[in-house]
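As stored in my_file-v9.pdb (PDB, C-alpha atoms):
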```pdb
ATOM      1  CA  MET A   1     -13.514 -13.722  -9.289
ATOM      2  CA  ASP A   2     -13.289 -16.241  -6.487
ATOM      3  CA  GLY A   3     -12.346 -16.470  -2.832
ATOM      4  CA  GLU A   4      -8.634 -16.151  -3.578
ATOM      5  CA  TYR A   5      -9.003 -13.196  -5.981
ATOM      6  CA  PRO A   6     -12.254 -11.496  -4.904
ATOM      7  CA  ILE A   7     -11.858  -8.075  -6.545
ATOM      8  CA  ILE A   8     -12.291  -6.993 -10.164
ATOM      9  CA  LEU A   9      -9.447  -4.990 -11.723
ATOM     10  CA  THR A  10     -10.205  -2.840 -14.695
ATOM     11  CA  THR A  11      -7.561  -0.831 -16.533
ATOM     12  CA  GLY A  12      -7.960   2.172 -18.769
ATOM     13  CA  ARG A  13      -6.836   5.693 -19.430
ATOM     14  CA  VAL A  14      -6.889   8.860 -17.403
ATOM     15  CA  VAL A  15      -7.914  12.091 -19.081
ATOM     16  CA  SER A  16      -4.436  13.684 -19.008
ATOM     17  CA  GLN A  17      -2.675  10.728 -20.651
ATOM     18  CA  PHE A  18      -2.948   8.889 -23.954
ATOM     19  CA  LEU A  19      -2.125   5.239 -24.696
ATOM     20  CA  SER A  20       1.332   4.318 -23.408
ATOM     21  CA  GLY A  21       2.004   7.901 -22.359
ATOM     22  CA  THR A  22       5.258   8.068 -24.329
ATOM     23  CA  GLN A  23       4.270  11.509 -25.590
ATOM     24  CA  THR A  24       1.878  12.851 -22.965
ATOM     25  CA  ARG A  25       4.115  11.904 -20.023
ATOM     26  CA  ARG A  26       6.699  14.350 -21.445
ATOM     27  CA  ILE A  27       4.394  17.358 -21.078
ATOM     28  CA  GLY A  28       4.825  18.912 -17.639
ATOM     29  CA  PRO A  29       1.267  20.159 -17.039
ATOM     30  CA  LEU A  30      -0.190  16.787 -18.075
ATOM     31  CA  VAL A  31       2.230  14.887 -15.841
ATOM     32  CA  GLU A  32       1.325  17.163 -12.923
ATOM     33  CA  GLN A  33      -2.351  16.189 -13.303
ATOM     34  CA  TYR A  34      -1.606  12.485 -12.747
ATOM     35  CA  PRO A  35       2.131  11.993 -12.062
ATOM     36  CA  GLU A  36       2.091   8.260 -11.263
ATOM     37  CA  PRO A  37      -0.326   5.357 -11.595
ATOM     38  CA  LEU A  38      -2.706   4.911  -8.677
ATOM     39  CA  ILE A  39      -4.969   2.116  -7.494
ATOM     40  CA  GLU A  40      -8.387   3.715  -7.389
ATOM     41  CA  MET A  41     -10.697   2.027  -4.877
ATOM     42  CA  HIS A  42     -14.018   2.706  -3.182
ATOM     43  CA  PRO A  43     -14.011   3.865   0.477
ATOM     44  CA  GLN A  44     -15.827   0.678   1.560
ATOM     45  CA  LEU A  45     -13.140  -1.529   0.012
ATOM     46  CA  ALA A  46     -10.334   0.653   1.388
ATOM     47  CA  ALA A  47     -11.808   0.445   4.903
ATOM     48  CA  LYS A  48     -12.248  -3.322   4.626
ATOM     49  CA  LEU A  49      -8.582  -3.666   3.599
ATOM     50  CA  GLY A  50      -7.268  -1.131   6.113
ATOM     51  CA  ILE A  51      -5.854   1.089   3.372
ATOM     52  CA  LYS A  52      -5.993   4.871   3.569
ATOM     53  CA  ASP A  53      -5.849   7.352   0.712
ATOM     54  CA  GLY A  54      -2.217   7.834  -0.360
ATOM     55  CA  GLU A  55      -0.899   4.668   1.299
ATOM     56  CA  TRP A  56       0.968   2.022  -0.674
ATOM     57  CA  ALA A  57      -1.103  -0.995  -1.704
ATOM     58  CA  THR A  58      -0.171  -4.176  -3.529
ATOM     59  CA  THR A  59      -2.463  -5.684  -6.139
ATOM     60  CA  GLU A  60      -1.866  -9.326  -7.076
ATOM     61  CA  SER A  61      -3.359 -11.433  -9.853
ATOM     62  CA  ARG A  62      -2.561 -14.945 -11.027
ATOM     63  CA  ARG A  63       0.009 -13.380 -13.397
ATOM     64  CA  GLY A  64       1.869 -10.835 -11.303
ATOM     65  CA  SER A  65       1.775  -8.034  -8.768
ATOM     66  CA  ILE A  66       2.189  -4.273  -8.608
ATOM     67  CA  THR A  67       2.570  -1.836  -5.731
ATOM     68  CA  LEU A  68       1.135   1.662  -6.146
ATOM     69  CA  ARG A  69      -0.401   4.360  -3.987
ATOM     70  CA  ALA A  70      -4.097   3.993  -3.242
ATOM     71  CA  GLN A  71      -6.545   6.672  -4.255
ATOM     72  CA  VAL A  72      -9.838   6.363  -2.422
ATOM     73  CA  VAL A  73     -12.715   7.559  -4.618
ATOM     74  CA  THR A  74     -16.493   7.223  -4.599
ATOM     75  CA  THR A  75     -16.676   6.959  -8.386
ATOM     76  CA  ILE A  76     -15.963   3.223  -8.522
ATOM     77  CA  ARG A  77     -17.856   0.159  -7.371
ATOM     78  CA  PRO A  78     -16.905  -1.302  -3.963
ATOM     79  CA  ASP A  79     -15.905  -4.634  -5.576
ATOM     80  CA  THR A  80     -13.698  -3.093  -8.295
ATOM     81  CA  ILE A  81     -10.367  -1.281  -8.561
ATOM     82  CA  PHE A  82      -9.014   0.776 -11.446
ATOM     83  CA  ILE A  83      -5.370   1.158 -12.501
ATOM     84  CA  PRO A  84      -4.372   3.279 -15.533
ATOM     85  CA  TYR A  85      -2.174   1.626 -18.163
ATOM     86  CA  HIS A  86       0.020   4.573 -19.259
ATOM     87  CA  TRP A  87       3.203   3.536 -17.455
ATOM     88  CA  ALA A  88       5.780   0.859 -18.246
ATOM     89  CA  GLY A  89       8.070  -1.386 -16.206
ATOM     90  CA  GLN A  90       7.345  -1.772 -12.499
ATOM     91  CA  LYS A  91       4.480   0.729 -12.840
ATOM     92  CA  SER A  92       2.723  -1.247 -15.589
ATOM     93  CA  ALA A  93      -0.803  -2.481 -14.932
ATOM     94  CA  ASN A  94      -0.205  -5.012 -17.700
ATOM     95  CA  GLN A  95       1.886  -7.063 -15.250
ATOM     96  CA  LEU A  96      -1.465  -8.172 -13.845
ATOM     97  CA  THR A  97      -3.341  -8.895 -17.068
ATOM     98  CA  ILE A  98      -3.037 -11.128 -20.099
ATOM     99  CA  SER A  99      -1.502 -10.017 -23.373
ATOM    100  CA  ALA A 100      -4.480 -10.960 -25.551
ATOM    101  CA  GLN A 101      -5.200  -8.805 -28.570
ATOM    102  CA  ASP A 102      -7.468  -8.792 -31.590
ATOM    103  CA  PRO A 103      -5.888 -11.111 -34.190
ATOM    104  CA  ILE A 104      -6.585  -8.735 -37.092
ATOM    105  CA  SER A 105      -6.176  -5.195 -35.752
ATOM    106  CA  LYS A 106      -3.630  -6.149 -33.039
ATOM    107  CA  ILE A 107      -5.440  -3.825 -30.609
ATOM    108  CA  PRO A 108      -5.119  -5.067 -27.007
ATOM    109  CA  GLU A 109      -8.312  -6.313 -25.452
ATOM    110  CA  TYR A 110      -9.831  -4.307 -22.644
ATOM    111  CA  LYS A 111      -8.087  -5.477 -19.523
ATOM    112  CA  VAL A 112     -10.197  -6.942 -16.753
ATOM    113  CA  CYS A 113      -9.112  -9.641 -14.324
ATOM    114  CA  ALA A 114      -9.604 -10.980 -10.821
ATOM    115  CA  VAL A 115      -7.187  -9.667  -8.178
ATOM    116  CA  ARG A 116      -6.607  -9.345  -4.470
ATOM    117  CA  VAL A 117      -5.372  -6.191  -2.764
ATOM    118  CA  ARG A 118      -3.519  -5.675   0.501
ATOM    119  CA  LYS A 119      -1.705  -2.892   2.265
ATOM    120  CA  ALA A 120       1.888  -2.930   0.989
ATOM    121  CA  ASP A 121       4.735  -3.952   3.270
ATOM    122  CA  ALA A 122       6.898  -1.148   1.839
ATOM    123  CA  PRO A 123       6.996   1.285  -1.089
ATOM    124  CA  PRO A 124       8.164  -0.222  -4.407
ATOM    125  CA  ASP A 125      11.777   0.191  -5.507
ATOM    126  CA  TRP A 126      10.842   2.741  -8.191
ATOM    127  CA  ALA A 127       9.413   5.081  -5.506
ATOM    128  CA  ASN A 128      12.955   5.602  -4.196
ATOM    129  CA  ASP A 129      14.400   6.494  -7.622
ATOM    130  CA  LYS A 130      15.426  10.138  -7.916
ATOM    131  CA  LYS A 131      14.836  10.222 -11.679
TER     132      LYS A 131
END
```

As structure tokens, what does this structure read like?
Amino acid sequence: MDGEYPIILTTGRVVSQFLSGTQTRRIGPLVEQYPEPLIEMHPQLAAKLGIKDGEWATTESRRGSITLRAQVVTTIRPDTIFIPYHWAGQKSANQLTISAQDPISKIPEYKVCAVRVRKADAPPDWANDKK
């Protein structure tokens, strides 16, 4: 973390999804519980950034950027955001992180990195897809 990237990003799973979601994102009731990845952030951080619950926000790291809807929650620290890793392509939180993994088991390391967040200029291209 530094002045340019002052927020901690952590990635992980949500209860209704498993790993890459290739199986669980095919099950309607599970998809309905968490249909798209969200940027979870504390109300203090959201207010500081001028981002309201449900608005589009862009998260940028030294490796990439992603635009998702914000979800304002009190269950996270004010200096941290959370993005689930179950989606691929333009929805992938891994665009922001490194690809490091354990050299023996090949399990990806837990993903944490420094980021900055801002209100998005527009929704991402995938939000307009009718798929």

CA of Gln71 (chain A) sits from CA of Val115 (chain A) at a separation of 16.8 Å

For region 40-43 of chain A, list every protein, DNA or RNA residue within 8 Å, evaluated using all atoms listed in the file, and leave out those in the same chain fewer than 5 positions away; present the list as JSON, numbers by chain.
-> {"A": [70, 71, 72, 73, 74, 75, 76, 77, 78, 79, 80, 81, 82, 83]}

With distances taken over all atoms listed in the file, the candidate from A:Lys91, A:Ala114, A:Ser65, A:Ile39 nearest Asp53 (chain A) is A:Ile39

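The closest residue to Pro37 (chain A), picked from A:Pro103, A:Gly3, A:Pro84, A:Gly89 and counting all atoms listed in the file, is A:Pro84.
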
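Minimum atom-to-atom distances from A:Gln90, A:Tyr5, A:Ile98, A:Gly50 to Leu68 (chain A) were compared using only C-alpha atoms, and the lowest value belongs to A:Gln90.
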
task: In Å, rounded to a single decimal, give me how far CA of Glu36 (chain A) is from CA of His86 (chain A).
output: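 So the two atoms, CA of His86 (chain A) and CA of Glu36 (chain A), lie 9.0 Å apart.
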
Assuming the chain letters and numbering stay as they are in my file, what does the PyMOL selection byres ((chain A and resi 119) around 10) actually select? List them as a PyMOL selection string. chain A and resi 46+49-52+55-59+67-70+117-118+120-122

Just to confirm, what's the straight-line distance from CA of Ile7 (chain A) to CA of Arg116 (chain A) in Å (one decimal)?
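Distance reported for this atom pair: 5.8 Å.
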
| query | Care to translate the PyMOL selection byres ((chain A and resi 61-63) around 6) into actual residues of this file, as a PyMOL selection string? | reply | chain A and resi 60+64+96+115

Write out as a PyMOL selection string which residues come within 7 Å of Cys113 (chain A) when counting all atoms listed in the file, dropping same-chain ones fewer than 5 positions away.
chain A and resi 8-10+97

In terms of all atoms listed in the file, the residue from A:Leu45, A:Ile66, A:Tyr85, A:Met1 at minimal distance from Pro124 (chain A) is A:Ile66

Nearest to Ala93 (chain A), restricted to all atoms listed in the file and choosing among A:Asp2, A:Thr11, A:Trp126, A:Lys106, comes out as A:Thr11
